[in-house]
>>> print(open('my_file-v4.cif').read())   # mmCIF, C-alpha atoms
data_run
loop_
_atom_site.label_atom_id
_atom_site.label_comp_id
_atom_site.auth_asym_id
_atom_site.auth_seq_id
_atom_site.Cartn_x
_atom_site.Cartn_y
_atom_site.Cartn_z
CA MET A 1 5.68 -86.70 72.50
CA LYS A 2 3.79 -86.00 75.69
CA TYR A 3 2.21 -82.63 74.97
CA VAL A 4 2.13 -82.43 71.18
CA LYS A 5 0.07 -84.43 68.69
CA ILE A 6 0.55 -84.21 64.95
CA ASN A 7 -2.51 -83.40 62.87
CA GLY A 8 -1.46 -83.10 59.21
CA PRO A 9 0.78 -80.03 58.90
CA ALA A 10 -0.17 -78.86 62.42
CA ALA A 11 1.46 -79.64 65.75
CA VAL A 12 -1.33 -79.43 68.32
CA VAL A 13 -0.29 -78.58 71.89
CA THR A 14 -2.48 -79.68 74.78
CA VAL A 15 -1.48 -79.10 78.40
CA VAL A 16 -3.71 -80.39 81.16
CA GLY A 17 -3.56 -78.31 84.37
CA ALA A 18 -0.92 -75.66 85.01
CA TYR A 19 1.22 -74.70 81.99
CA ASP A 20 4.37 -73.60 83.79
CA PHE A 21 8.08 -73.28 83.19
CA VAL A 22 8.85 -76.99 83.66
CA ILE A 23 6.10 -78.17 81.30
CA SER A 24 6.93 -75.40 78.85
CA THR A 25 10.46 -76.77 78.50
CA SER A 26 9.05 -80.16 77.47
CA VAL A 27 6.50 -78.54 75.13
CA LYS A 28 9.30 -76.57 73.47
CA ASP A 29 11.30 -79.78 72.93
CA ASP A 30 8.24 -81.60 71.54
CA LEU A 31 7.46 -78.70 69.20
CA SER A 32 11.04 -78.44 67.96
CA ASN A 33 10.87 -82.12 67.17
CA ALA A 34 7.56 -81.70 65.32
CA LEU A 35 8.71 -78.64 63.37
CA ASN A 36 12.00 -80.30 62.42
CA ASN A 37 9.98 -83.25 61.12
CA GLY A 38 7.83 -81.28 58.70
CA CYS A 39 5.08 -79.58 60.70
CA THR A 40 4.54 -76.00 59.56
CA LYS A 41 1.72 -74.87 61.85
CA VAL A 42 1.23 -74.77 65.60
CA GLU A 43 -2.10 -74.81 67.39
CA VAL A 44 -2.37 -74.51 71.18
CA ASN A 45 -5.58 -75.81 72.72
CA PHE A 46 -6.15 -74.41 76.24
CA GLU A 47 -9.37 -76.32 76.89
CA HIS A 48 -7.85 -78.29 79.78
CA THR A 49 -5.25 -75.73 80.91
CA SER A 50 -5.92 -74.15 84.30
CA SER A 51 -3.19 -71.48 84.29
CA ILE A 52 -0.16 -70.25 82.36
CA ASP A 53 2.91 -68.47 83.71
CA SER A 54 5.04 -65.78 82.09
CA ALA A 55 7.79 -68.26 81.18
CA ALA A 56 5.34 -70.39 79.19
CA MET A 57 3.86 -67.31 77.50
CA GLY A 58 7.38 -66.20 76.60
CA ASP A 59 8.06 -69.58 75.03
CA LEU A 60 4.82 -69.40 73.02
CA ILE A 61 5.87 -65.96 71.77
CA GLN A 62 9.17 -67.45 70.56
CA ILE A 63 7.36 -70.33 68.83
CA ARG A 64 4.90 -67.93 67.16
CA ARG A 65 7.86 -65.89 65.96
CA ARG A 66 9.45 -69.03 64.55
CA VAL A 67 6.42 -70.29 62.54
CA GLY A 68 4.97 -66.85 61.75
CA PRO A 69 1.70 -65.39 63.13
CA GLU A 70 -0.29 -66.77 60.18
CA ASN A 71 0.72 -70.33 61.13
CA PHE A 72 0.06 -70.00 64.86
CA ALA A 73 -3.31 -70.29 66.58
CA VAL A 74 -4.62 -70.52 70.12
CA LYS A 75 -8.08 -71.68 71.13
CA ASN A 76 -10.39 -72.27 74.09
CA ILE A 77 -8.75 -69.60 76.23
CA GLN A 78 -10.68 -69.05 79.43
CA GLY A 79 -10.45 -68.40 83.19
CA GLU A 80 -6.96 -67.83 84.62
CA VAL A 81 -5.34 -68.34 81.23
CA LEU A 82 -7.49 -65.56 79.75
CA LYS A 83 -6.53 -63.30 82.66
CA SER A 84 -2.83 -63.92 82.01
CA PHE A 85 -3.31 -63.34 78.27
CA LYS A 86 -5.08 -60.04 78.98
CA GLY A 87 -2.27 -59.02 81.37
CA ALA A 88 0.24 -59.49 78.56
CA ARG A 89 -2.08 -58.09 75.85
CA LEU A 90 -1.89 -61.39 74.01
CA THR A 91 -5.64 -61.38 73.47
CA GLU A 92 -4.76 -59.95 70.07
CA TRP A 93 -3.87 -63.55 69.18
CA LEU A 94 -7.57 -64.40 69.47
CA ARG A 95 -8.61 -62.13 66.61
CA MET B 1 42.64 -83.29 102.88
CA LYS B 2 39.76 -82.38 100.63
CA HIS B 3 36.38 -83.34 102.08
CA GLY B 4 34.68 -86.10 100.08
CA ASN B 5 37.79 -87.27 98.18
CA CYS B 6 37.86 -90.56 100.07
CA ILE B 7 38.56 -93.96 98.48
CA LEU B 8 37.67 -97.19 100.24
CA ILE B 9 39.65 -100.29 99.26
CA ILE B 10 38.50 -103.84 100.04
CA LEU B 11 40.54 -106.56 98.33
CA GLU B 12 40.97 -110.26 99.12
CA THR B 13 43.79 -109.67 101.62
CA ILE B 14 44.93 -106.65 103.58
CA GLU B 15 48.33 -106.89 101.88
CA LYS B 16 46.68 -106.51 98.47
CA SER B 17 44.60 -103.59 99.77
CA LYS B 18 47.71 -101.84 101.13
CA ARG B 19 49.49 -102.28 97.80
CA MET B 20 46.50 -100.87 95.93
CA GLY B 21 46.24 -98.03 98.46
CA ASN B 22 49.84 -96.96 97.88
CA PHE B 23 49.38 -97.13 94.13
CA VAL B 24 46.19 -95.04 94.20
CA LYS B 25 47.72 -92.49 96.57
CA ASN B 26 50.65 -91.98 94.16
CA ALA B 27 48.49 -91.92 91.03
CA LEU B 28 46.11 -89.32 92.52
CA HIS B 29 48.54 -87.25 94.58
CA LYS B 30 47.33 -83.93 93.12
CA TYR B 31 43.71 -84.60 94.13
CA GLU B 32 44.46 -84.94 97.87
CA VAL B 33 42.64 -88.24 98.30
CA GLU B 34 42.18 -90.05 101.60
CA ILE B 35 42.68 -93.83 101.44
CA VAL B 36 40.68 -96.03 103.78
CA LEU B 37 41.40 -99.78 103.93
CA ALA B 38 39.08 -102.54 105.10
CA GLU B 39 40.20 -106.05 105.94
CA THR B 40 36.84 -107.70 105.26
CA ALA B 41 33.61 -106.95 103.39
CA PHE B 42 31.79 -106.40 106.70
CA GLU B 43 34.37 -103.86 107.82
CA GLY B 44 34.08 -102.30 104.38
CA LEU B 45 30.32 -101.79 104.79
CA ILE B 46 30.81 -100.19 108.20
CA LYS B 47 33.57 -97.91 106.90
CA PHE B 48 31.40 -96.93 103.93
CA GLY B 49 28.82 -95.58 106.40
CA GLN B 50 31.54 -93.77 108.39
CA TYR B 51 33.50 -92.18 105.53
CA ALA B 52 30.96 -91.90 102.65
CA PRO B 53 33.72 -92.45 100.05
CA CYS B 54 33.27 -91.20 96.50
CA LEU B 55 34.96 -94.35 95.19
CA VAL B 56 35.15 -97.96 96.33
CA ILE B 57 37.68 -100.40 94.87
CA ALA B 58 36.56 -103.92 95.78
CA ALA B 59 37.46 -107.45 94.73
CA ALA B 60 34.74 -109.63 93.22
CA ASN B 61 35.79 -112.74 95.13
CA LEU B 62 35.90 -111.50 98.69
CA PRO B 63 35.84 -114.44 101.12
CA THR B 64 32.89 -113.60 103.41
CA LEU B 65 30.58 -111.59 101.16
CA ASN B 66 31.10 -111.58 97.41
CA GLY B 67 31.98 -108.26 95.80
CA TYR B 68 28.78 -108.08 93.73
CA SER B 69 26.56 -108.26 96.82
CA LEU B 70 28.81 -105.77 98.57
CA SER B 71 28.42 -103.42 95.61
CA ALA B 72 24.63 -103.81 95.49
CA ILE B 73 24.35 -103.12 99.24
CA ILE B 74 26.53 -100.00 98.98
CA LYS B 75 24.56 -98.61 96.01
CA GLY B 76 21.30 -99.04 97.89
CA ALA B 77 22.61 -97.42 101.07
CA PRO B 78 22.21 -93.68 101.90
CA LYS B 79 24.82 -91.77 99.83
CA GLY B 80 25.38 -94.95 97.79
CA ASP B 81 24.27 -93.32 94.56
CA ALA B 82 27.03 -90.70 94.98
CA CYS B 83 29.66 -93.44 95.10
CA SER B 84 31.32 -95.14 92.11
CA ILE B 85 32.47 -98.74 92.36
CA TYR B 86 35.53 -100.22 90.67
CA MET B 87 35.32 -104.03 90.80
CA VAL B 88 38.49 -106.06 90.46
CA ILE B 89 37.68 -109.32 88.65
CA ASN B 90 39.52 -112.28 87.19
CA ASN B 91 39.19 -112.87 83.47
CA ASN B 92 37.19 -116.05 84.12
CA GLU B 93 34.50 -114.01 86.01
CA LEU B 94 32.95 -112.11 83.12
CA THR B 95 29.31 -112.82 84.03
CA ILE B 96 28.39 -109.67 85.93
CA PRO B 97 24.93 -109.40 87.54
CA ASN B 98 23.10 -106.25 86.32
CA ALA B 99 21.81 -105.34 89.77
CA ALA B 100 25.28 -105.14 91.28
CA GLY B 101 25.61 -101.42 90.46
CA ILE B 102 29.24 -101.71 89.38
CA ASP B 103 30.58 -98.68 87.50
CA TYR B 104 33.95 -99.93 86.22
CA LEU B 105 35.66 -103.30 85.89
CA VAL B 106 39.35 -103.79 86.56
CA MET B 107 40.63 -107.02 85.02
CA GLN B 108 43.40 -109.05 86.67
CA PRO B 109 46.28 -109.07 86.04
CA ILE B 110 45.89 -105.34 86.57
CA GLN B 111 47.29 -102.97 83.94
CA TRP B 112 48.48 -100.38 86.42
CA GLU B 113 49.11 -97.54 83.97
CA LEU B 114 45.62 -97.91 82.52
CA LEU B 115 44.08 -97.97 86.00
CA ALA B 116 46.01 -94.81 86.95
CA MET B 117 44.65 -93.02 83.88
CA GLN B 118 41.09 -94.16 84.60
CA LEU B 119 41.30 -92.94 88.19
CA GLN B 120 42.77 -89.60 87.10
CA CYS B 121 39.93 -89.14 84.56
CA PHE B 122 37.41 -89.91 87.29
CA PHE B 123 38.83 -87.28 89.66
CA GLU B 124 39.33 -84.71 86.90
CA LYS B 125 35.63 -84.96 86.02
CA ARG B 126 34.76 -84.68 89.69
CA ALA B 127 36.95 -81.60 90.13
CA MET B 128 35.24 -79.99 87.12
CA ALA B 129 31.80 -80.68 88.61
CA GLU B 130 32.92 -79.07 91.87
CA TYR B 131 34.18 -76.05 89.95
CA HIS B 132 30.81 -75.61 88.22
CA LEU B 133 29.07 -75.88 91.57
CA SER B 134 31.33 -73.22 93.06
CA GLU B 135 30.47 -70.94 90.09
CA ILE B 136 26.79 -71.33 90.88
CA ILE B 137 27.39 -70.61 94.55
CA ARG B 138 29.33 -67.45 93.65
CA ALA B 139 26.48 -66.32 91.37
CA LYS B 140 23.94 -67.09 94.10
CA ASN B 141 25.91 -65.04 96.63
CA ARG B 142 26.13 -62.18 94.14
CA GLN B 143 22.34 -62.25 93.69
CA ASN B 144 21.84 -62.22 97.44
CA GLU B 145 24.20 -59.25 97.84
CA LEU B 146 22.00 -57.20 95.51
CA LEU B 147 18.86 -57.63 97.59
CA PRO B 148 17.57 -54.49 99.31
CA HIS B 149 17.15 -53.96 103.06
CA LYS B 150 13.91 -53.41 104.85
CA LEU B 151 12.99 -49.71 104.87
CA GLN B 152 11.02 -48.15 107.68
CA THR B 153 9.99 -44.51 107.99
CA GLU B 154 7.19 -42.62 109.68
CA SER B 155 5.06 -42.95 106.60
CA PHE B 156 5.78 -46.44 105.29
CA THR B 157 7.48 -49.80 105.75
CA VAL B 158 8.74 -51.84 102.82
CA ASP B 159 10.05 -55.37 102.91
CA TYR B 160 10.28 -58.32 100.56
CA ILE B 161 10.39 -62.08 100.15
CA TYR B 162 12.85 -63.70 97.79
CA SER B 163 13.03 -67.46 97.42
CA PRO B 164 14.74 -68.92 94.34
CA TYR B 165 13.30 -72.16 92.97
CA ASN B 166 16.74 -73.75 93.04
CA GLU B 167 19.91 -71.85 94.04
CA LEU B 168 19.74 -69.12 91.37
CA SER B 169 16.72 -66.96 90.62
CA GLY B 170 15.33 -65.59 87.37
CA ASP B 171 13.47 -63.04 89.52
CA CYS B 172 14.93 -59.74 90.62
CA LEU B 173 13.57 -57.03 92.88
CA ASP B 174 14.78 -53.77 94.32
CA TYR B 175 13.43 -50.58 95.92
CA TRP B 176 14.87 -47.37 97.32
CA TYR B 177 13.83 -44.07 98.84
CA GLY B 178 14.66 -41.08 96.71
CA ARG B 179 13.94 -37.77 95.01
CA ASN B 180 14.45 -35.72 98.18
CA GLU B 181 12.91 -38.57 100.12
CA ASN B 182 9.44 -37.93 98.85
CA GLY B 183 9.06 -41.17 97.01
CA LEU B 184 9.64 -44.87 96.99
CA PHE B 185 10.93 -46.31 93.74
CA GLY B 186 11.19 -49.96 92.84
CA PHE B 187 10.75 -52.85 90.48
CA ILE B 188 10.28 -56.56 90.27
CA PHE B 189 10.82 -58.70 87.20
CA ASP B 190 10.76 -62.34 86.21
CA CYS B 191 13.06 -63.81 83.55
CA THR B 192 12.56 -67.29 82.11
CA GLY B 193 14.43 -70.01 83.98
CA HIS B 194 16.60 -70.14 87.09
CA ASP B 195 20.08 -71.01 85.83
CA LEU B 196 23.32 -69.21 84.95
CA CYS B 197 21.73 -67.89 81.73
CA SER B 198 18.90 -66.38 83.80
CA PHE B 199 21.51 -64.93 86.20
CA LEU B 200 23.17 -63.10 83.29
CA GLN B 201 19.83 -61.89 81.94
CA VAL B 202 18.76 -60.66 85.38
CA SER B 203 22.00 -58.66 85.73
CA GLU B 204 21.56 -57.10 82.30
CA ILE B 205 17.93 -56.05 82.84
CA ARG B 206 18.56 -54.80 86.37
CA THR B 207 21.23 -52.44 85.04
CA ILE B 208 18.96 -51.05 82.30
CA ILE B 209 16.05 -50.51 84.70
CA ARG B 210 18.26 -48.83 87.33
CA TRP B 211 19.69 -46.54 84.66
CA GLY B 212 16.16 -45.69 83.47
CA PHE B 213 15.11 -44.82 87.01
CA ARG B 214 18.15 -42.58 87.45
CA CYS B 215 17.05 -40.60 84.40
CA TYR B 216 13.50 -40.53 85.74
CA GLN B 217 14.54 -39.36 89.21
CA GLN B 218 16.77 -36.64 87.78
CA GLN B 219 13.94 -35.74 85.37
CA SER B 220 16.62 -35.67 82.71
CA LEU B 221 15.43 -38.11 80.06
CA TYR B 222 12.24 -39.80 81.20
CA ASP B 223 9.24 -38.33 82.96
CA ASP B 224 7.03 -41.38 82.59
CA LEU B 225 7.49 -44.96 83.82
CA GLY B 226 6.28 -46.22 80.44
CA ASP B 227 9.38 -44.65 78.87
CA ILE B 228 11.65 -46.61 81.25
CA MET B 229 9.92 -49.87 80.33
CA LYS B 230 9.99 -49.05 76.62
CA ASN B 231 13.71 -48.40 76.87
CA VAL B 232 14.30 -51.80 78.53
CA ASN B 233 12.36 -53.47 75.73
CA THR B 234 14.18 -51.56 72.99
CA GLU B 235 17.62 -52.16 74.52
CA LEU B 236 17.00 -55.91 74.76
CA PHE B 237 15.88 -56.10 71.13
CA TYR B 238 18.97 -54.11 70.11
CA SER B 239 21.20 -56.53 72.02
CA HIS B 240 19.56 -59.86 71.20
CA GLY B 241 17.39 -59.34 68.10
CA ASP B 242 14.63 -61.90 67.67
CA ASN B 243 16.35 -64.23 70.15
CA VAL B 244 15.38 -61.97 73.03
CA SER B 245 13.74 -63.86 75.89
CA CYS B 246 10.49 -62.50 77.25
CA VAL B 247 10.46 -60.88 80.67
CA ALA B 248 7.51 -60.03 82.92
CA ALA B 249 8.02 -56.90 85.01
CA ILE B 250 6.49 -54.11 87.01
CA ILE B 251 8.12 -50.81 87.94
CA PHE B 252 6.65 -48.28 90.35
CA PHE B 253 6.97 -44.88 91.99
CA LEU B 254 5.05 -44.17 95.15
CA ASP B 255 4.78 -40.39 95.48
CA PHE B 256 4.20 -39.40 99.10
CA LYS B 257 3.66 -35.75 98.18
CA THR B 258 0.60 -36.45 96.09
CA ASN B 259 -0.34 -39.85 97.57
CA GLN B 260 -0.25 -41.42 94.15
CA LEU B 261 1.13 -44.80 93.16
CA HIS B 262 2.45 -44.71 89.61
CA TYR B 263 3.10 -48.11 88.03
CA CYS B 264 3.84 -49.68 84.71
CA SER B 265 3.59 -53.41 84.01
CA ALA B 266 4.99 -55.68 81.32
CA GLY B 267 3.05 -58.93 81.22
CA ILE B 268 2.38 -59.14 84.97
CA PRO B 269 -1.41 -59.26 85.08
CA SER B 270 -2.06 -57.79 88.52
CA PHE B 271 -0.92 -56.62 91.94
CA TYR B 272 -2.73 -56.45 95.27
CA ILE B 273 -3.83 -53.62 97.53
CA LYS B 274 -5.55 -53.63 100.90
CA LYS B 275 -7.75 -50.67 101.64
CA ALA B 276 -7.96 -49.09 105.09
CA SER B 277 -11.66 -49.83 105.29
CA SER B 278 -11.28 -53.52 104.48
CA ASP B 279 -9.44 -56.60 105.65
CA GLN B 280 -9.56 -58.10 102.16
CA TYR B 281 -6.97 -57.77 99.43
CA THR B 282 -8.16 -56.36 96.12
CA GLU B 283 -6.54 -57.32 92.85
CA VAL B 284 -5.61 -54.45 90.56
CA GLU B 285 -5.46 -55.71 87.01
CA MET B 286 -2.91 -54.44 84.49
CA GLU B 287 -2.42 -54.83 80.75
CA ASN B 288 0.85 -54.33 78.93
CA TYR B 289 2.99 -56.44 76.60
CA LEU B 290 5.74 -58.64 77.96
CA ILE B 291 9.22 -57.21 77.46
CA GLY B 292 10.60 -58.99 74.40
CA TYR B 293 7.26 -59.35 72.60
CA ASP B 294 7.45 -56.52 70.08
CA PRO B 295 10.37 -54.12 69.53
CA LYS B 296 7.94 -51.26 68.88
CA ALA B 297 5.66 -51.92 71.84
CA ASP B 298 4.49 -49.00 73.96
CA PHE B 299 4.05 -49.37 77.71
CA ILE B 300 1.38 -47.35 79.46
CA GLU B 301 1.88 -45.94 82.96
CA LYS B 302 -1.13 -46.02 85.27
CA SER B 303 -1.76 -44.27 88.58
CA LEU B 304 -3.75 -45.04 91.68
CA SER B 305 -4.57 -42.89 94.69
CA THR B 306 -3.13 -44.30 97.90
CA GLU B 307 -5.24 -42.05 100.15
CA LYS B 308 -7.24 -45.01 101.38
CA VAL B 309 -4.70 -47.78 100.81
CA ASP B 310 -2.93 -49.53 103.68
CA GLU B 311 -0.90 -52.15 101.84
CA VAL B 312 0.46 -52.82 98.37
CA ILE B 313 1.94 -56.14 97.22
CA PHE B 314 3.86 -56.50 93.98
CA SER B 315 4.97 -59.99 93.04
CA SER B 316 6.22 -62.29 90.32
CA ASP B 317 3.81 -64.99 89.15
CA GLY B 318 5.72 -67.60 91.18
CA PHE B 319 4.19 -65.93 94.24
CA SER B 320 0.82 -64.74 92.92
CA GLU B 321 -0.01 -68.23 91.63
CA LEU B 322 0.21 -69.52 95.20
CA LEU B 323 -2.09 -66.88 96.69
CA PHE B 324 -5.62 -67.62 97.80
CA LYS B 325 -5.46 -71.21 96.56
CA LYS B 326 -6.25 -74.13 98.80
CA ASP B 327 -5.68 -77.02 96.46
CA ILE B 328 -2.00 -76.76 95.59
CA LYS B 329 -0.34 -80.06 94.70
CA ASN B 330 3.06 -78.46 94.29
CA PRO B 331 3.72 -75.97 97.11
CA LYS B 332 6.38 -74.04 95.18
CA HIS B 333 7.10 -74.50 91.49
CA ASP B 334 8.94 -71.34 90.48
CA ASP B 335 11.07 -68.53 91.85
CA VAL B 336 9.04 -66.67 94.44
CA SER B 337 9.49 -62.97 95.08
CA ALA B 338 7.35 -60.10 96.27
CA ILE B 339 7.57 -56.55 97.63
CA PHE B 340 5.32 -55.62 100.54
CA ILE B 341 4.60 -51.96 101.21
CA GLN B 342 2.70 -50.88 104.29
CA LEU B 343 1.51 -47.30 104.34
CA LYS B 344 1.05 -45.51 107.64
CA LYS B 345 -1.49 -42.73 107.56
CA GLN B 346 -0.49 -39.56 109.43
CA LYS B 347 -2.92 -38.67 112.20
CA MET B 348 -4.31 -35.15 111.95
CA CYS B 349 -3.41 -32.87 114.89
CA SER B 350 -6.40 -31.26 116.56
#
>>> encode(input="my_file-v4.cif", output="structure tokens")
Amino acid sequence: MKYVKINGPAAVVTVVGAYDFVISTSVKDDLSNALNNGCTKVEVNFEHTSSIDSAAMGDLIQIRRRVGPENFAVKNIQGEVLKSFKGARLTEWLR
Amino acid sequence: MKHGNCILIILETIEKSKRMGNFVKNALHKYEVEIVLAETAFEGLIKFGQYAPCLVIAAANLPTLNGYSLSAIIKGAPKGDACSIYMVINNNELTIPNAAGIDYLVMQPIQWELLAMQLQCFFEKRAMAEYHLSEIIRAKNRQNELLPHKLQTESFTVDYIYSPYNELSGDCLDYWYGRNENGLFGFIFDCTGHDLCSFLQVSEIRTIIRWGFRCYQQQSLYDDLGDIMKNVNTELFYSHGDNVSCVAAIIFFLDFKTNQLHYCSAGIPSFYIKKASSDQYTEVEMENYLIGYDPKADFIEKSLSTEKVDEVIFSSDGFSELLFKKDIKNPKHDDVSAIFIQLKKQKMCS
């Protein structure tokens, strides 16, 4: 899996650079694979992500819906990614 | 004759090629194929360049250039990867080099009925692929038909750019002059993807937004842009439940009576304005949920005075992500669409 690493029950997503529609499709496939193989939590680390588009945010919303908000976490949101999150009021995920 | 349904035949002798040609023509009569014969491998290579056949039937043991080399040369040539190769071999020639690029083997003595069925399957699959392509072209034309025209009045000009990532677009935009011609109404939205599923989603959302605007313009049901957006969100959840795909959008009403721009976003973080006093674009930030995030979400309308504004640009993120960036490795990675509004200030009479 290119974008997802398994850490115990958690599937940890790391995208370096722009997190766009094309990459999001691969991330979704990787995560489906991880969740079908026993992972119950998803964590998205934006430390190395330069931007995120609406398609990728939409996919993250679907994934969060699938695992439940209590099993979904995002971290290291900054710069352009933070701006996009604010634009979609997803900063409530940071609480 | 259907363009591209050409078959090139190169067997050991021209008599064998003619016999094969007649057989293939009969077996594939409903597919309107064109048969091209070559007497030698060299002539075959030249005719491949001339006719770009979709299928080559060649013998393995051609006298001047063996069939495997012929096949490898064809596959490496321009348009070679769009060509399938049937290689006629003897049953003592079962060692096939991997690099030859052969797609099917035809063993001698040839079982003609089996070969006919194989060729028919090949062309049936090809016809199906062409049908799917024509469906996409029809959908693309339909999307293009729905695009607005440039509007130009004494007080404003509005135009757009629309550039799908690949054939179909998940973006949609529209604008129109209305409510006794005192206002410009419009929207732009961005669905996930750029395929036939996106095409269907775009059509569905466009209809709901246009209906919402009609109610708004008639002041019959909605008097706030937030209500239009909320209705789109609610309708999509009603139709698709939790499987609803998220959509980023902005809808607007530019009121020329009051010089106010009313807008409501859904997940699009900003738009751009250029003020009369400046040659720089200023980003106006917005905050609202994406459509499809929460069935109970509220969407807040905002307003902005356009007294001192010369230009307004609304866009999907496929366009805004390209703006003001010098180091772009990928010059276009999504559907690109934007609405450009230029406001002309009326000069006061003395």
>>> interface_residues(input="my_file-v4.cif", of="chain A", to="chain B", cutoff="8 Å", atoms="all atoms listed in the file", output="JSON, numbers by chain")
{"A": [21, 53, 54, 55, 58, 59, 61, 62, 83, 84, 86, 87, 88, 89, 90]}
>>> write_last_selection(input="my_file-v4.cif", atoms="C-alpha atoms", output="tab-separated table (two decimals), in the frame of the given file")
chain	number	residue	atom	x	y	z
A	21	PHE	CA	8.08	-73.28	83.19
A	53	ASP	CA	2.91	-68.47	83.71
A	54	SER	CA	5.04	-65.78	82.09
A	55	ALA	CA	7.79	-68.26	81.18
A	58	GLY	CA	7.38	-66.20	76.60
A	59	ASP	CA	8.06	-69.58	75.03
A	61	ILE	CA	5.87	-65.96	71.77
A	62	GLN	CA	9.17	-67.45	70.56
A	83	LYS	CA	-6.53	-63.30	82.66
A	84	SER	CA	-2.83	-63.92	82.01
A	86	LYS	CA	-5.08	-60.04	78.98
A	87	GLY	CA	-2.27	-59.02	81.37
A	88	ALA	CA	0.24	-59.49	78.56
A	89	ARG	CA	-2.08	-58.09	75.85
A	90	LEU	CA	-1.89	-61.39	74.01
>>> resolve_selection(input="my_file-v4.cif", expression="the PyMOL selection byres ((chain A and resi 77) around 10)", output="count of residues only")
20
>>> closest_residue(input="my_file-v4.cif", among="B:Arg19, B:Lys125, B:Arg206, B:Lys344", to="B:Leu236", atoms="only C-alpha atoms")
B:Arg206
>>> resolve_selection(input="my_file-v4.cif", expression="the PyMOL selection byres ((chain B and resi 78) around 12)", output="CSV table (one decimal) with C-alpha atoms, in the coordinates of the input")
chain,number,residue,atom,x,y,z
B,45,LEU,CA,30.3,-101.8,104.8
B,48,PHE,CA,31.4,-96.9,103.9
B,49,GLY,CA,28.8,-95.6,106.4
B,50,GLN,CA,31.5,-93.8,108.4
B,51,TYR,CA,33.5,-92.2,105.5
B,52,ALA,CA,31.0,-91.9,102.6
B,53,PRO,CA,33.7,-92.4,100.0
B,73,ILE,CA,24.4,-103.1,99.2
B,74,ILE,CA,26.5,-100.0,99.0
B,75,LYS,CA,24.6,-98.6,96.0
B,76,GLY,CA,21.3,-99.0,97.9
B,77,ALA,CA,22.6,-97.4,101.1
B,79,LYS,CA,24.8,-91.8,99.8
B,80,GLY,CA,25.4,-95.0,97.8
B,81,ASP,CA,24.3,-93.3,94.6
B,82,ALA,CA,27.0,-90.7,95.0
B,83,CYS,CA,29.7,-93.4,95.1
>>> residues_around(input="my_file-v4.cif", residues="A:Ala73", least_positions_apart="6", cutoff="10 Å", atoms="all atoms listed in the file", output="ChimeraX atom specification")
/A:12,41-45,64,93-95
>>> residues_around(input="my_file-v4.cif", residues="A:Pro9", least_positions_apart="2", cutoff="8 Å", atoms="all atoms listed in the file", output="PyMOL selection string")
chain A and resi 6-7+11+38-41
>>> atom_distance(input="my_file-v4.cif", atom1="atom CA of B:Ala58", atom2="atom CA of B:Tyr31")
20.7 Å
>>> atom_distance(input="my_file-v4.cif", atom1="atom CA of B:Lys345", atom2="atom CA of B:Asn259")
10.5 Å
>>> residues_around(input="my_file-v4.cif", residues="B:Lys308", least_positions_apart="5", cutoff="10 Å", atoms="all atoms listed in the file", output="short mmCIF file (atom, residue, chain, number, x, y, z; two decimals) with C-alpha atoms, keeping the file's coordinate frame")
data_model
loop_
_atom_site.label_atom_id
_atom_site.label_comp_id
_atom_site.auth_asym_id
_atom_site.auth_seq_id
_atom_site.Cartn_x
_atom_site.Cartn_y
_atom_site.Cartn_z
CA ASN B 259 -0.34 -39.85 97.57
CA LYS B 274 -5.55 -53.63 100.90
CA LYS B 275 -7.75 -50.67 101.64
CA ALA B 276 -7.96 -49.09 105.09
CA SER B 277 -11.66 -49.83 105.29
CA SER B 278 -11.28 -53.52 104.48
CA LEU B 343 1.51 -47.30 104.34
CA LYS B 345 -1.49 -42.73 107.56
#
>>> residues_near_point(input="my_file-v4.cif", point="(43.1, -100.5, 101.0)", cutoff="8 Å", atoms="only C-alpha atoms", output="compact mmCIF listing (two decimals) with C-alpha atoms, in the coordinates of the input")
# COMPACT_ATOMS: atom_id res chain seq x y z
CA LEU B 8 37.67 -97.19 100.24
CA ILE B 9 39.65 -100.29 99.26
CA ILE B 10 38.50 -103.84 100.04
CA LEU B 11 40.54 -106.56 98.33
CA ILE B 14 44.93 -106.65 103.58
CA LYS B 16 46.68 -106.51 98.47
CA SER B 17 44.60 -103.59 99.77
CA LYS B 18 47.71 -101.84 101.13
CA ARG B 19 49.49 -102.28 97.80
CA MET B 20 46.50 -100.87 95.93
CA GLY B 21 46.24 -98.03 98.46
CA ILE B 35 42.68 -93.83 101.44
CA VAL B 36 40.68 -96.03 103.78
CA LEU B 37 41.40 -99.78 103.93
CA ALA B 38 39.08 -102.54 105.10
CA GLU B 39 40.20 -106.05 105.94
>>> resolve_selection(input="my_file-v4.cif", expression="the PyMOL selection byres ((chain B and resi 255) around 12)", output="JSON, numbers by chain")
{"B": [155, 156, 177, 178, 179, 180, 181, 182, 183, 184, 185, 186, 217, 252, 253, 254, 256, 257, 258, 259, 260, 261, 262, 263, 303, 304, 305, 306, 307, 343]}
